[in-house]
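Structure file structure26.txt with compact mmCIF, C-alpha atoms and all ligand atoms:
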```txt
# COMPACT_ATOMS: atom_id res chain seq x y z
CA MET A 1 0.00 0.00 0.00
CA ARG A 2 1.23 3.46 -0.89
CA ILE A 3 0.83 6.28 1.58
CA ASN A 4 1.49 9.89 0.76
CA ILE A 5 2.80 11.88 3.67
CA SER A 6 2.55 15.61 3.29
CA ARG A 7 2.86 18.67 5.45
CA LYS A 8 -0.50 19.75 4.10
CA ASN A 9 -2.25 16.67 5.50
CA ILE A 10 -0.48 16.86 8.83
CA ASN A 11 -1.51 20.48 9.30
CA ASP A 12 -5.05 19.89 8.07
CA SER A 13 -7.92 20.99 10.30
CA PHE A 14 -9.01 17.33 10.37
CA VAL A 15 -6.12 16.48 12.70
CA ALA A 16 -6.89 19.45 14.93
CA LYS A 17 -10.55 18.41 15.03
CA ILE A 18 -9.70 14.88 16.12
CA GLN A 19 -7.47 16.23 18.88
CA GLU A 20 -10.12 18.68 19.99
CA LEU A 21 -13.00 16.19 20.01
CA SER A 22 -11.01 13.41 21.63
CA GLY A 23 -9.08 15.63 24.02
CA GLN A 24 -5.96 13.63 23.15
CA ASN A 25 -2.48 14.61 22.07
CA LEU A 26 -1.91 12.30 19.11
CA LEU A 27 1.85 12.91 19.05
CA ALA A 28 2.19 11.32 22.48
CA CYS A 29 1.86 7.90 20.79
CA TYR A 30 5.19 6.15 20.16
CA GLN A 31 3.68 3.25 18.24
CA CYS A 32 4.41 0.46 20.70
CA GLY A 33 1.35 -1.45 19.48
CA LYS A 34 0.07 -2.43 22.90
CA CYS A 35 -3.40 -1.09 22.10
CA SER A 36 -3.67 -3.41 19.10
CA ALA A 37 -2.19 -6.37 20.95
CA GLY A 38 -5.07 -6.42 23.42
CA CYS A 39 -7.92 -5.27 21.21
CA PRO A 40 -10.58 -7.99 20.92
CA ALA A 41 -11.81 -6.61 17.60
CA VAL A 42 -8.63 -6.68 15.50
CA SER A 43 -9.63 -9.70 13.45
CA ASP A 44 -12.47 -7.66 11.97
CA MET A 45 -10.49 -4.45 11.49
CA ASP A 46 -8.79 -3.07 8.38
CA LEU A 47 -6.71 -0.54 10.35
CA LEU A 48 -5.43 -1.62 13.77
CA PRO A 49 -5.87 0.75 16.73
CA ASN A 50 -2.19 1.82 16.69
CA GLN A 51 -2.47 2.43 12.92
CA ILE A 52 -5.53 4.59 13.50
CA ILE A 53 -3.44 6.77 15.83
CA ARG A 54 -0.55 6.89 13.33
CA TYR A 55 -2.87 7.74 10.43
CA ALA A 56 -4.45 10.45 12.57
CA GLN A 57 -1.01 11.93 13.35
CA LEU A 58 -0.36 12.06 9.61
CA GLY A 59 -3.77 13.45 8.73
CA LEU A 60 -4.72 10.57 6.44
CA LYS A 61 -8.31 11.71 6.40
CA GLU A 62 -9.87 9.62 3.63
CA GLU A 63 -8.28 6.39 4.87
CA LEU A 64 -9.62 7.01 8.37
CA LEU A 65 -13.09 8.13 7.35
CA ASN A 66 -13.45 5.10 5.08
CA SER A 67 -12.03 2.60 7.50
CA LYS A 68 -14.15 -0.29 8.66
CA SER A 69 -12.44 -0.33 12.05
CA ILE A 70 -14.17 2.75 13.42
CA TRP A 71 -17.49 0.86 13.22
CA VAL A 72 -16.04 -2.35 14.61
CA CYS A 73 -14.60 -0.81 17.77
CA ALA A 74 -17.15 -1.19 20.57
CA SER A 75 -15.45 1.29 22.96
CA CYS A 76 -14.52 -1.58 25.25
CA MET A 77 -11.71 0.58 26.75
CA THR A 78 -9.15 -2.23 26.87
CA CYS A 79 -6.70 -0.16 24.83
CA ASN A 80 -7.27 2.89 27.03
CA VAL A 81 -6.40 1.13 30.26
CA ARG A 82 -3.26 -0.36 28.72
CA CYS A 83 -1.65 2.46 26.75
CA PRO A 84 1.70 3.27 28.39
CA ARG A 85 1.37 6.86 27.13
CA GLY A 86 -2.09 7.34 28.63
CA ILE A 87 -3.70 7.93 25.26
CA LYS A 88 -7.41 7.32 25.11
CA ILE A 89 -7.60 5.49 21.81
CA ALA A 90 -11.33 4.81 22.15
CA GLU A 91 -11.90 8.57 22.36
CA VAL A 92 -9.89 9.12 19.17
CA ILE A 93 -11.99 6.52 17.37
CA GLU A 94 -15.18 8.10 18.72
CA ALA A 95 -13.98 11.48 17.41
CA ILE A 96 -13.59 10.03 13.90
CA ARG A 97 -17.04 8.44 14.08
CA GLN A 98 -18.46 11.77 15.25
CA ILE A 99 -16.91 13.64 12.34
CA LEU A 100 -18.87 11.37 10.00
CA LEU A 101 -22.06 11.26 12.05
CA ARG A 102 -22.19 15.03 12.23
CA LYS A 103 -22.42 14.98 8.45
CA ARG A 104 -25.34 12.57 8.89
CA LYS A 105 -23.37 9.66 7.49
CA ASP A 106 -25.04 7.09 9.67
CA HIS A 107 -23.64 3.60 9.93
CA ILE A 108 -26.98 1.90 10.53
CA ASP A 109 -30.53 2.69 9.57
CA PRO A 110 -32.87 1.66 12.39
CA GLU A 111 -35.76 1.27 9.97
CA ARG A 112 -33.86 -1.25 7.91
CA LEU A 113 -32.84 -3.50 10.74
CA PRO A 114 -34.22 -7.00 10.31
CA GLN A 115 -37.51 -7.51 12.10
CA ASP A 116 -36.19 -10.33 14.29
CA ILE A 117 -33.29 -8.19 15.54
CA ARG A 118 -35.60 -5.30 16.36
CA CYS A 119 -37.98 -7.49 18.33
CA GLN A 120 -35.38 -9.65 20.03
CA VAL A 121 -32.58 -7.39 21.28
CA PRO A 122 -33.02 -5.57 24.60
CA PRO A 123 -33.40 -1.77 24.82
CA ILE A 124 -29.84 -1.47 26.13
CA ALA A 125 -28.52 -2.87 22.81
CA LEU A 126 -30.74 -0.76 20.57
CA ILE A 127 -30.11 2.49 22.40
CA SER A 128 -26.35 2.04 22.61
CA SER A 129 -26.05 1.07 18.97
CA PHE A 130 -28.16 4.07 17.89
CA ARG A 131 -26.06 6.32 20.12
CA LYS A 132 -22.84 5.04 18.58
CA PHE A 133 -23.84 4.50 14.97
CA THR A 134 -26.44 7.15 14.12
CA SER A 135 -26.41 10.93 14.21
CA MET B 136 -30.24 0.39 55.44
CA LYS B 137 -32.37 2.15 52.85
CA LEU B 138 -31.38 2.49 49.21
CA ILE B 139 -32.69 4.55 46.33
CA TYR B 140 -32.68 2.27 43.31
CA TYR B 141 -32.30 3.19 39.65
CA PRO B 142 -33.42 0.23 37.50
CA GLY B 143 -32.70 1.41 33.95
CA CYS B 144 -34.66 0.27 30.92
CA THR B 145 -33.53 -3.30 30.41
CA LEU B 146 -34.23 -4.46 33.96
CA LYS B 147 -37.85 -3.59 33.28
CA ASN B 148 -37.83 -5.59 30.04
CA GLN B 149 -35.65 -8.58 29.08
CA ALA B 150 -33.73 -8.55 32.36
CA LYS B 151 -36.66 -9.02 34.76
CA ASN B 152 -34.74 -11.97 36.20
CA PHE B 153 -31.93 -9.56 37.13
CA GLU B 154 -34.24 -7.07 38.83
CA GLU B 155 -36.51 -9.47 40.67
CA SER B 156 -33.72 -11.66 42.00
CA GLY B 157 -31.66 -8.63 43.06
CA LEU B 158 -34.55 -6.98 44.88
CA CYS B 159 -35.51 -10.20 46.63
CA ALA B 160 -31.91 -10.78 47.74
CA LEU B 161 -31.68 -7.24 49.12
CA THR B 162 -34.88 -7.75 51.13
CA LYS B 163 -33.40 -10.95 52.56
CA LEU B 164 -30.32 -8.99 53.53
CA GLY B 165 -32.46 -6.51 55.43
CA VAL B 166 -32.11 -3.64 52.95
CA GLU B 167 -35.08 -1.45 52.21
CA VAL B 168 -35.19 -0.52 48.54
CA GLN B 169 -37.13 2.35 47.06
CA GLU B 170 -37.32 2.77 43.29
CA LEU B 171 -36.44 6.23 42.07
CA GLU B 172 -39.50 8.19 40.98
CA ARG B 173 -39.82 9.54 37.41
CA TRP B 174 -36.52 8.01 36.32
CA ASN B 175 -35.40 8.23 32.69
CA CYS B 176 -33.05 6.19 30.48
CA CYS B 177 -29.41 7.09 31.23
CA GLY B 178 -28.49 6.88 27.54
CA THR B 179 -26.61 3.58 28.05
CA VAL B 180 -23.19 4.87 26.91
CA PHE B 181 -21.06 7.72 28.18
CA SER B 182 -20.31 10.19 25.43
CA LEU B 183 -16.57 10.16 24.72
CA VAL B 184 -16.12 13.40 22.80
CA THR B 185 -15.32 16.60 24.65
CA ASP B 186 -17.99 18.90 23.24
CA ASP B 187 -20.96 16.53 23.44
CA LEU B 188 -22.64 17.84 26.59
CA ILE B 189 -26.20 17.15 25.54
CA HIS B 190 -25.74 13.41 26.03
CA HIS B 191 -24.77 13.93 29.68
CA LEU B 192 -28.15 15.49 30.30
CA ALA B 193 -30.01 12.20 30.75
CA PRO B 194 -27.68 10.75 33.42
CA ILE B 195 -27.48 14.06 35.28
CA ARG B 196 -31.27 14.28 35.28
CA VAL B 197 -31.31 10.91 37.04
CA LEU B 198 -29.07 12.44 39.72
CA ILE B 199 -31.44 15.39 40.06
CA ARG B 200 -34.29 12.92 40.64
CA THR B 201 -32.15 11.26 43.30
CA LYS B 202 -31.69 14.58 45.10
CA GLU B 203 -35.44 15.07 44.96
CA ALA B 204 -36.07 11.62 46.50
CA PRO B 205 -34.49 13.05 48.75
CA ALA B 206 -31.23 11.12 48.86
CA ASP B 207 -27.52 11.66 48.38
CA SER B 208 -26.78 8.34 46.70
CA VAL B 209 -28.35 5.98 44.19
CA MET B 210 -27.77 2.28 43.56
CA THR B 211 -28.01 0.50 40.23
CA MET B 212 -27.53 -3.15 39.29
CA CYS B 213 -26.84 -2.67 35.59
CA ALA B 214 -23.13 -2.32 34.76
CA MET B 215 -23.81 -0.02 31.81
CA CYS B 216 -26.12 2.32 33.74
CA PHE B 217 -23.54 2.37 36.52
CA ASN B 218 -20.76 3.32 34.11
CA THR B 219 -22.78 6.03 32.38
CA LEU B 220 -24.11 7.61 35.58
CA LYS B 221 -20.77 7.49 37.35
CA ARG B 222 -18.74 8.85 34.44
CA ALA B 223 -21.21 11.68 33.79
CA ASN B 224 -21.03 12.54 37.48
CA GLU B 225 -17.22 12.58 37.47
CA ARG B 226 -17.27 14.61 34.27
CA VAL B 227 -19.38 17.42 35.74
CA ARG B 228 -17.59 17.31 39.09
CA ALA B 229 -14.36 18.07 37.25
CA ASP B 230 -15.83 20.76 35.01
CA GLN B 231 -17.93 23.47 36.66
CA GLU B 232 -18.61 25.15 33.33
CA ALA B 233 -20.09 21.98 31.86
CA LEU B 234 -22.18 21.55 35.00
CA SER B 235 -23.63 25.02 34.83
CA THR B 236 -24.37 24.63 31.09
CA LEU B 237 -26.24 21.41 31.88
CA ASN B 238 -28.16 23.08 34.68
CA ASP B 239 -29.04 25.89 32.27
CA LEU B 240 -30.25 23.40 29.68
CA MET B 241 -32.48 21.87 32.35
CA TYR B 242 -33.76 25.27 33.50
CA GLU B 243 -37.24 23.85 33.99
CA GLU B 244 -35.95 21.58 36.77
CA GLU B 245 -36.55 22.96 40.24
CA THR B 246 -33.51 21.22 41.65
CA LYS B 247 -30.02 22.21 40.50
CA TYR B 248 -27.34 19.58 40.31
CA GLN B 249 -24.09 20.32 42.10
CA GLY B 250 -22.19 17.06 41.82
CA ASP B 251 -23.61 16.05 45.18
CA VAL B 252 -24.88 12.51 44.54
CA GLU B 253 -22.88 9.27 44.81
CA ILE B 254 -23.50 6.33 42.50
CA TYR B 255 -23.07 2.77 43.71
CA HIS B 256 -23.21 -0.50 41.88
CA LEU B 257 -25.04 -3.22 43.80
CA LEU B 258 -21.76 -5.16 44.06
CA GLU B 259 -20.21 -2.25 45.98
CA ILE B 260 -23.17 -2.23 48.38
CA LEU B 261 -22.78 -5.97 48.93
CA LYS B 262 -19.04 -5.73 49.48
CA ASP B 263 -18.59 -2.45 51.35
CA LYS B 264 -21.90 -1.74 53.08
CA ILE B 265 -23.15 -5.22 53.89
CA GLY B 266 -19.92 -7.21 53.71
CA PHE B 267 -19.23 -10.57 52.08
CA GLU B 268 -18.69 -12.12 55.53
CA THR B 269 -22.24 -11.18 56.58
CA ILE B 270 -23.57 -12.49 53.28
CA LYS B 271 -21.73 -15.75 53.86
CA GLN B 272 -23.42 -16.11 57.25
CA LYS B 273 -26.84 -15.35 55.80
CA ALA B 274 -26.44 -17.73 52.88
CA THR B 275 -28.54 -20.55 54.29
CA HIS B 276 -28.42 -22.45 50.98
CA PRO B 277 -24.76 -22.26 49.90
CA LEU B 278 -23.88 -23.08 46.30
CA GLN B 279 -22.01 -26.20 47.33
CA GLY B 280 -20.17 -27.86 44.46
CA LEU B 281 -21.24 -25.38 41.78
CA LYS B 282 -18.33 -24.25 39.59
CA VAL B 283 -18.87 -20.61 38.70
CA ALA B 284 -16.84 -18.42 36.33
CA SER B 285 -17.37 -14.67 36.78
CA TYR B 286 -17.47 -12.62 33.61
CA TYR B 287 -16.85 -8.90 34.17
CA GLY B 288 -16.90 -7.60 30.61
CA CYS B 289 -16.10 -3.92 30.04
CA TYR B 290 -18.27 -1.34 31.70
CA LEU B 291 -18.25 -2.68 35.23
CA VAL B 292 -14.48 -2.27 35.47
CA ARG B 293 -13.25 0.11 32.76
CA PRO B 294 -11.98 2.76 32.62
CA ARG B 295 -9.89 2.63 35.80
CA GLU B 296 -11.67 5.69 37.26
CA ILE B 297 -14.84 3.63 37.61
CA GLY B 298 -13.00 2.38 40.62
CA ILE B 299 -15.00 -0.70 41.53
CA ASP B 300 -12.02 -3.03 41.13
CA ASP B 301 -8.75 -3.61 39.28
CA PRO B 302 -9.58 -3.20 35.56
CA GLU B 303 -7.15 -5.93 34.49
CA ASN B 304 -7.78 -8.53 37.16
CA PRO B 305 -11.07 -7.82 38.93
CA GLN B 306 -12.09 -10.12 41.79
CA ILE B 307 -15.27 -8.66 43.26
CA LEU B 308 -17.68 -11.11 41.59
CA ASP B 309 -15.41 -14.06 42.40
CA GLU B 310 -15.26 -12.97 46.04
CA LEU B 311 -19.04 -12.77 46.17
CA MET B 312 -19.39 -16.21 44.58
CA ALA B 313 -16.87 -17.65 47.05
CA SER B 314 -18.82 -16.17 49.97
CA LEU B 315 -21.92 -17.93 48.62
CA GLY B 316 -20.07 -21.23 48.80
CA ALA B 317 -19.45 -21.70 45.07
CA THR B 318 -16.23 -23.04 43.61
CA VAL B 319 -14.67 -20.10 41.82
CA ILE B 320 -13.20 -20.61 38.34
CA ASP B 321 -10.80 -17.95 37.10
CA PHE B 322 -10.51 -17.64 33.32
CA PRO B 323 -8.49 -15.42 30.98
CA TYR B 324 -11.44 -14.04 29.03
CA LYS B 325 -13.22 -12.59 32.06
CA THR B 326 -12.72 -8.97 30.95
CA GLU B 327 -12.80 -9.55 27.17
CA CYS B 328 -15.52 -7.54 25.41
CA CYS B 329 -18.48 -9.64 24.21
CA GLY B 330 -19.07 -7.27 21.30
CA ALA B 331 -21.71 -5.26 23.17
CA TYR B 332 -24.08 -3.35 20.86
CA LYS B 333 -22.51 -4.90 17.76
CA THR B 334 -25.19 -7.50 18.47
CA VAL B 335 -27.56 -5.20 16.56
CA ASP B 336 -25.64 -4.69 13.31
CA ASN B 337 -23.26 -7.65 13.37
CA PRO B 338 -24.49 -10.54 15.53
CA GLU B 339 -21.87 -12.80 13.96
CA ILE B 340 -19.01 -10.95 15.69
CA VAL B 341 -20.83 -11.40 18.98
CA ALA B 342 -21.42 -15.09 18.30
CA GLU B 343 -17.68 -15.58 17.68
CA ARG B 344 -16.75 -13.79 20.89
CA THR B 345 -19.40 -15.72 22.80
CA TYR B 346 -17.84 -18.93 21.55
CA GLN B 347 -14.33 -17.86 22.55
CA ILE B 348 -15.24 -16.52 25.97
CA LEU B 349 -17.51 -19.37 27.00
CA ASN B 350 -15.26 -22.08 25.61
CA SER B 351 -12.44 -20.76 27.74
CA ALA B 352 -14.63 -20.77 30.86
CA ARG B 353 -15.88 -24.27 30.15
CA GLU B 354 -12.44 -25.68 29.41
CA LEU B 355 -11.30 -24.45 32.81
CA GLY B 356 -14.17 -26.30 34.44
CA ALA B 357 -16.97 -23.75 34.77
CA GLU B 358 -20.53 -25.11 34.89
CA VAL B 359 -22.21 -21.70 34.79
CA VAL B 360 -21.06 -18.13 34.05
CA VAL B 361 -22.30 -15.11 36.04
CA VAL B 362 -22.62 -11.57 34.67
CA SER B 363 -23.55 -8.10 35.91
CA CYS B 364 -24.59 -6.50 32.63
CA PRO B 365 -27.87 -7.16 30.80
CA LEU B 366 -26.18 -6.60 27.42
CA CYS B 367 -23.45 -9.14 28.21
CA ALA B 368 -26.20 -11.46 29.45
CA PHE B 369 -28.19 -11.12 26.25
CA ASN B 370 -25.10 -11.67 24.10
CA LEU B 371 -23.50 -14.52 25.99
CA ASP B 372 -26.81 -16.27 26.59
CA THR B 373 -28.93 -15.96 23.45
CA ARG B 374 -26.06 -15.68 20.95
CA GLN B 375 -25.04 -19.22 21.92
CA LYS B 376 -27.65 -20.20 19.35
CA GLU B 377 -25.64 -18.46 16.61
CA ALA B 378 -22.36 -19.73 18.10
CA LEU B 379 -23.67 -23.27 17.67
CA LYS B 380 -24.37 -22.62 14.00
CA LEU B 381 -20.84 -21.32 13.44
CA PHE B 382 -19.10 -23.94 15.59
CA PRO B 383 -21.12 -27.17 15.74
CA GLU B 384 -18.82 -28.68 18.40
CA PHE B 385 -19.62 -25.81 20.81
CA GLN B 386 -21.15 -26.91 24.12
CA THR B 387 -23.66 -24.50 25.58
CA ILE B 388 -23.32 -23.23 29.15
CA PRO B 389 -25.92 -21.41 31.31
CA ILE B 390 -25.48 -17.68 31.92
CA LEU B 391 -26.88 -16.27 35.17
CA TYR B 392 -27.06 -12.86 36.75
CA PHE B 393 -24.96 -12.80 39.91
CA THR B 394 -28.14 -11.75 41.71
CA GLN B 395 -29.84 -15.00 40.71
CA LEU B 396 -27.19 -17.07 42.48
CA LEU B 397 -27.21 -14.66 45.41
CA ALA B 398 -30.99 -15.00 45.67
CA LEU B 399 -30.69 -18.77 45.42
CA ALA B 400 -28.16 -18.95 48.26
CA LEU B 401 -30.35 -16.65 50.36
CA ASN B 402 -33.30 -18.98 49.79
CA CYS B 403 -35.46 -16.58 47.79
CA PRO B 404 -38.50 -18.24 46.20
CA GLU B 405 -38.09 -19.56 42.66
CA GLU B 406 -40.65 -17.12 41.28
CA LYS B 407 -38.28 -14.31 42.24
CA ILE B 408 -35.19 -15.94 40.75
CA ARG B 409 -36.91 -16.31 37.40
CA LEU B 410 -34.71 -19.03 35.95
CA ASP B 411 -37.44 -19.40 33.32
CA LEU B 412 -36.17 -16.21 31.66
CA ASN B 413 -32.62 -17.46 31.07
CA TYR B 414 -32.20 -18.65 27.48
CA ILE B 415 -29.84 -21.59 28.08
CA ASP B 416 -31.69 -23.47 30.78
CA PRO B 417 -29.72 -23.38 34.07
CA LYS B 418 -32.15 -25.69 35.87
CA PRO B 419 -30.58 -29.06 34.92
CA ILE B 420 -27.15 -28.18 36.33
CA LEU B 421 -28.66 -26.53 39.44
CA LYS B 422 -30.90 -29.59 39.99
CA SER B 423 -27.97 -31.95 39.60
CA LYS B 424 -26.25 -30.10 42.45
CA ALA B 425 -29.47 -30.21 44.50
CA LEU B 426 -29.57 -26.40 44.53
CA ILE B 427 -33.16 -26.17 43.32
S1 LIG C 1 -0.65 1.69 23.22
FE1 LIG C 1 -0.59 3.95 23.21
S2 LIG C 1 1.54 4.48 22.68
FE2 LIG C 1 1.26 2.31 22.16
S3 LIG C 1 0.67 2.34 19.99
FE3 LIG C 1 -1.24 2.35 21.15
S4 LIG C 1 -1.76 4.51 21.37
FE4 LIG C 1 0.40 4.43 20.76
S1 LIG C 2 -11.91 0.36 22.61
FE1 LIG C 2 -12.05 -0.23 20.45
S2 LIG C 2 -9.93 -0.14 19.72
FE2 LIG C 2 -9.82 -0.14 21.95
S3 LIG C 2 -9.53 -2.29 22.50
FE3 LIG C 2 -11.75 -1.89 22.54
S4 LIG C 2 -12.53 -2.42 20.48
FE4 LIG C 2 -10.26 -2.23 20.36
```
Using structure tokens, write down the structure from this file.
Ligand code: SF4
Ligand code: SF4
Amino acid sequence: MRINISRKNINDSFVAKIQELSGQNLLACYQCGKCSAGCPAVSDMDLLPNQIIRYAQLGLKEELLNSKSIWVCASCMTCNVRCPRGIKIAEVIEAIRQILLRKRKDHIDPERLPQDIRCQVPPIALISSFRKFTS
Amino acid sequence: MKLIYYPGCTLKNQAKNFEESGLCALTKLGVEVQELERWNCCGTVFSLVTDDLIHHLAPIRVLIRTKEAPADSVMTMCAMCFNTLKRANERVRADQEALSTLNDLMYEEETKYQGDVEIYHLLEILKDKIGFETIKQKATHPLQGLKVASYYGCYLVRPREIGIDDPENPQILDELMASLGATVIDFPYKTECCGAYKTVDNPEIVAERTYQILNSARELGAEVVVVSCPLCAFNLDTRQKEALKLFPEFQTIPILYFTQLLALALNCPEEKIRLDLNYIDPKPILKSKALI
């Protein structure tokens, strides 16, 4: 895979927005990979948690906004409690989701959920998934 | 002791077995429980982005209702409600500006919130206010010979500030189970996420995790798994059906709320333990141990 690194991307307002929304200093990450080592969702991810942080440092906006991983992460907080640099990775991922959701790019459409899912799952599942995946 | 109790939505729906067994156990332990009046949904998840104040409104409103009870603390059994209420509380305690914005948004409320309510999970009440030693003495029907693995999941123990136990190696459920006379089974997947709300848009992920988590517990000898979260319960219990489709060799295992085993050991009547609401039937294993 080819990645273009440019000063323009790094200084883009997208990076500043992620830092602002997540409250995290992205440059604190030294890419040890511990977040990805413990993440239960990596087998379903296209970008690993440490890669998400690296891509965010570099302002690789399209790659992040199109990544499957941001919708696979369930904010389980395992990475957060383990990061030796105290970075809240789950917050960074939530910030990226929010950037999309605030443009009304919802990940799920409640009306299109299969009937059996809608009837079967408890309110706690429906509400949390709507909170995380819809605007 | 008197407690103000916040049930949350799911304990009034699919998790009736959680609520009824928990309330019955508390009565047996001599605790008077009063349900919070006019409570609302807490929102289930704590908003993680800095500028999203509006989603803290629901949990803070619950704390306003608590003040109006009147009380200075509220107890919940649901791990997700506990996490959301507690984190929202810590958030506004650390940020006066956010707190006053929220109070302004709720200008129609007569009571102002000032960060002056404490939130307790039922497990904290059992451990710190009642004491596992007292519970052990009151457990007239100990869970002799039952091998129990405690599954903590995410929101009961993470992030660290939640403060109920060590986020990497929690023990509180195991200690409770030991005080009830059960044989405690430790297993490496006890804090691994079950997939949570992915159960709505991708049940397959949850079925795979269910398989992994429960297989590990069973291989280490567990006969049942206890949980403190109605979303974990739904996933680990009902998604065993999907796990069986993906992995035909999978052996199912009953999932119980910790309150159901507590109620059992305290000799609560079966109609309060509601084993009929658990998807994988726990009755055969409990009968084989002469516990029901
Ligand atoms: S654990 Fe922390 S420092 Fe290590 S790669 Fe992940 S975010 Fe970076
Ligand atoms: S919060 Fe998300 S990225 Fe972090 S460990 Fe959990 S699923 Fe993985």
At a cut-off of 8 Å around the point (-17.4, -1.6, 48.5) (file coordinates), what residues fall inside when counting all atoms listed in the file? I'd like the answer as a PDB file with C-alpha atoms, keeping the file's coordinate frame.
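Here's the written file selection19.pdb:
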```
ATOM      1  CA  LEU B 258     -21.760  -5.160  44.060  1.00  0.00           C
ATOM      2  CA  GLU B 259     -20.210  -2.250  45.980  1.00  0.00           C
ATOM      3  CA  ILE B 260     -23.170  -2.230  48.380  1.00  0.00           C
ATOM      4  CA  LEU B 261     -22.780  -5.970  48.930  1.00  0.00           C
ATOM      5  CA  LYS B 262     -19.040  -5.730  49.480  1.00  0.00           C
ATOM      6  CA  ASP B 263     -18.590  -2.450  51.350  1.00  0.00           C
ATOM      7  CA  LYS B 264     -21.900  -1.740  53.080  1.00  0.00           C
ATOM      8  CA  ILE B 299     -15.000  -0.700  41.530  1.00  0.00           C
TER       9      ILE B 299
END
```
Selection as a count of residues only: residues within 6 Å of ligand LIG 2 (chain C) by all atoms listed in the file: 12
Around ligand LIG 1 (chain C), out to 12 Å and counting only C-alpha atoms and all ligand atoms, which residues are there? I want them as number ranges by chain. A: 24-39, 48-57, 77-93
Quick one: residues within 8 Å of Leu237 of chain B, only C-alpha atoms counted, chain neighbours fewer than 2 positions away excluded, as a PDB file with C-alpha atoms, in the frame of the given file?
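around-v3.pdb, freshly written:
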```pdb
ATOM      1  CA  LEU B 188     -22.640  17.840  26.590  1.00  0.00           C
ATOM      2  CA  ILE B 189     -26.200  17.150  25.540  1.00  0.00           C
ATOM      3  CA  HIS B 191     -24.770  13.930  29.680  1.00  0.00           C
ATOM      4  CA  LEU B 192     -28.150  15.490  30.300  1.00  0.00           C
ATOM      5  CA  ALA B 233     -20.090  21.980  31.860  1.00  0.00           C
ATOM      6  CA  LEU B 234     -22.180  21.550  35.000  1.00  0.00           C
ATOM      7  CA  SER B 235     -23.630  25.020  34.830  1.00  0.00           C
ATOM      8  CA  ASP B 239     -29.040  25.890  32.270  1.00  0.00           C
ATOM      9  CA  LEU B 240     -30.250  23.400  29.680  1.00  0.00           C
ATOM     10  CA  MET B 241     -32.480  21.870  32.350  1.00  0.00           C
TER      11      MET B 241
END
```
Contacts of Phe133 of chain A within 10 Å, all atoms listed in the file, excl. fewer than 6 positions in-chain, as a compact mmCIF listing (two decimals) with C-alpha atoms, keeping the file's coordinate frame:
```
# COMPACT_ATOMS: atom_id res chain seq x y z
CA ILE A 70 -14.17 2.75 13.42
CA TRP A 71 -17.49 0.86 13.22
CA ARG A 97 -17.04 8.44 14.08
CA GLN A 98 -18.46 11.77 15.25
CA LEU A 100 -18.87 11.37 10.00
CA LEU A 101 -22.06 11.26 12.05
CA LYS A 105 -23.37 9.66 7.49
CA ASP A 106 -25.04 7.09 9.67
CA HIS A 107 -23.64 3.60 9.93
CA ILE A 108 -26.98 1.90 10.53
CA ASP A 109 -30.53 2.69 9.57
CA PRO A 110 -32.87 1.66 12.39
CA ILE A 127 -30.11 2.49 22.40
CA TYR B 332 -24.08 -3.35 20.86
CA LYS B 333 -22.51 -4.90 17.76
CA ASP B 336 -25.64 -4.69 13.31
```
Rank nothing, just name the residue among A:Gln115, A:Ser22, A:Gln120, A:Ser135 nearest to chain B, using all atoms listed in the file. A:Ser22
Would you mind listing, as a PDB file with C-alpha atoms, keeping the file's coordinate frame, all residues of chain B that have at least one atom within 7 Å of chain A, where all atoms listed in the file are what counts?
```pdb
ATOM      1  CA  CYS B 144     -34.660   0.270  30.920  1.00  0.00           C
ATOM      2  CA  THR B 145     -33.530  -3.300  30.410  1.00  0.00           C
ATOM      3  CA  GLN B 149     -35.650  -8.580  29.080  1.00  0.00           C
ATOM      4  CA  GLY B 178     -28.490   6.880  27.540  1.00  0.00           C
ATOM      5  CA  THR B 179     -26.610   3.580  28.050  1.00  0.00           C
ATOM      6  CA  VAL B 180     -23.190   4.870  26.910  1.00  0.00           C
ATOM      7  CA  LEU B 183     -16.570  10.160  24.720  1.00  0.00           C
ATOM      8  CA  VAL B 184     -16.120  13.400  22.800  1.00  0.00           C
ATOM      9  CA  THR B 185     -15.320  16.600  24.650  1.00  0.00           C
ATOM     10  CA  ASP B 186     -17.990  18.900  23.240  1.00  0.00           C
ATOM     11  CA  CYS B 289     -16.100  -3.920  30.040  1.00  0.00           C
ATOM     12  CA  ARG B 293     -13.250   0.110  32.760  1.00  0.00           C
ATOM     13  CA  PRO B 294     -11.980   2.760  32.620  1.00  0.00           C
ATOM     14  CA  ARG B 295      -9.890   2.630  35.800  1.00  0.00           C
ATOM     15  CA  GLU B 327     -12.800  -9.550  27.170  1.00  0.00           C
ATOM     16  CA  CYS B 328     -15.520  -7.540  25.410  1.00  0.00           C
ATOM     17  CA  GLY B 330     -19.070  -7.270  21.300  1.00  0.00           C
ATOM     18  CA  ALA B 331     -21.710  -5.260  23.170  1.00  0.00           C
ATOM     19  CA  TYR B 332     -24.080  -3.350  20.860  1.00  0.00           C
ATOM     20  CA  VAL B 335     -27.560  -5.200  16.560  1.00  0.00           C
ATOM     21  CA  LEU B 366     -26.180  -6.600  27.420  1.00  0.00           C
TER      22      LEU B 366
END
```
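Residues in contact range of segment 377-389 of chain B, defined as at most 6 Å between only C-alpha atoms, with sequence neighbours fewer than 3 positions away removed, read Ala342, Tyr346, Val359, Arg374, Ile415 and Pro417 of chain B.
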Keeping only C-alpha atoms, take the residues you just selected and write them out as a PDB file, keeping the file's coordinate frame.
```pdb
ATOM      1  CA  ALA B 342     -21.420 -15.090  18.300  1.00  0.00           C
ATOM      2  CA  TYR B 346     -17.840 -18.930  21.550  1.00  0.00           C
ATOM      3  CA  VAL B 359     -22.210 -21.700  34.790  1.00  0.00           C
ATOM      4  CA  ARG B 374     -26.060 -15.680  20.950  1.00  0.00           C
ATOM      5  CA  ILE B 415     -29.840 -21.590  28.080  1.00  0.00           C
ATOM      6  CA  PRO B 417     -29.720 -23.380  34.070  1.00  0.00           C
TER       7      PRO B 417
END
```
